[in-house]
Amino acid sequence: MENTQNTQNTQNNEVKKGKKGKIIGIVVAAVVVIAAVLAWYSGAVGGIDQTEAKEIAYAQVPGSETEGTAIVTEDFDDMKKTYDVQLTYDNVLYEFEILARNGNIVNQESERIGAVQQPTQPATQGSTQAATQANDIGMEKAREIALQNVAGATADNVTKYSVDNENGRMVYEIEIVYNEMEYDFDIDAATGDIIGQSSESIYN
């Protein structure tokens, strides 16, 4: 009777060990799968490399591939691997934030560098304002210029517009929301040149 009891206890222990082994195996497998998914999602495994990120940036600025200069750095933003690309072409600095996982551009900015300063003309008191008004393209024209740089957008997509004075230069600030993206433009009121531009997802 005692031998039978011992045999049953041994069998029960083996069954328990077997169940524990299966549970541990399942947990380990689940951890490995989760780690693989997180690595893929973050872009740490697979996705594009630095060369491909540079090519994506070049494709956004026609002519820059042969004459522009690009610098690429890696970063992690919100647990996602990104490439920060700084591209200089035709006196404009372009900055791109590109997801390593799929090559999507999540943020883009541009700024004119080395711009030629217009010579200041001598003016008598009271003539400065008149000269500024004479050289002002107007808000409506500034909105048109911004819309021309967002394919498909219309006047209904202009969500904000204002005028600001930056170091003595009047600048129109235009915001456009279109196709789940927000575009911001700084436009020189005198020349109509875009002196600053950025875009990002409305979900950022």
# chains A, B, ... in the order shown; residues from 1 in each chain; ligands from 1
call {"tool": "select_by_dssp", "arguments": {"residues": "segment 82-203 of chain A", "states": "alpha helix (DSSP H)", "output": "ChimeraX atom specification"}}
result
/A:127-134,139-148
call {"tool": "residues_around", "arguments": {"residues": "Ala57 of chain A", "least_positions_apart": "4", "cutoff": "12 Å", "atoms": "only C-alpha atoms", "output": "PyMOL selection string"}}
result
chain A and resi 50-53+61-65+68-72+83-89+93-99+103-110
call {"tool": "residues_around", "arguments": {"residues": "Ile195 of chain A", "least_positions_apart": "2", "cutoff": "10 Å", "atoms": "only C-alpha atoms", "output": "PyMOL selection string"}}
result
chain A and resi 92+110-113+115+171+185-188+192-193+197
call {"tool": "atom_distance", "arguments": {"atom1": "atom CA of Ile202 of chain A", "atom2": "atom CA of Asp156 of chain A"}}
result
16.7 Å
call {"tool": "atom_distance", "arguments": {"atom1": "atom CA of Asn149 of chain A", "atom2": "atom CA of Asn91 of chain A"}}
result
18.3 Å
call {"tool": "closest_residue", "arguments": {"among": "A:Ile174, A:Ile24, A:Met181, A:Ala100", "to": "Lys141 of chain A", "atoms": "only C-alpha atoms"}}
result
A:Ile174
call {"tool": "residues_around", "arguments": {"residues": "Asn135 of chain A", "least_positions_apart": "6", "cutoff": "8 Å", "atoms": "only C-alpha atoms", "output": "PyMOL selection string"}}
result
chain A and resi 189-191
call {"tool": "atom_distance", "arguments": {"atom1": "atom CA of Ala153 of chain A", "atom2": "atom CA of Tyr183 of chain A"}}
result
10.5 Å
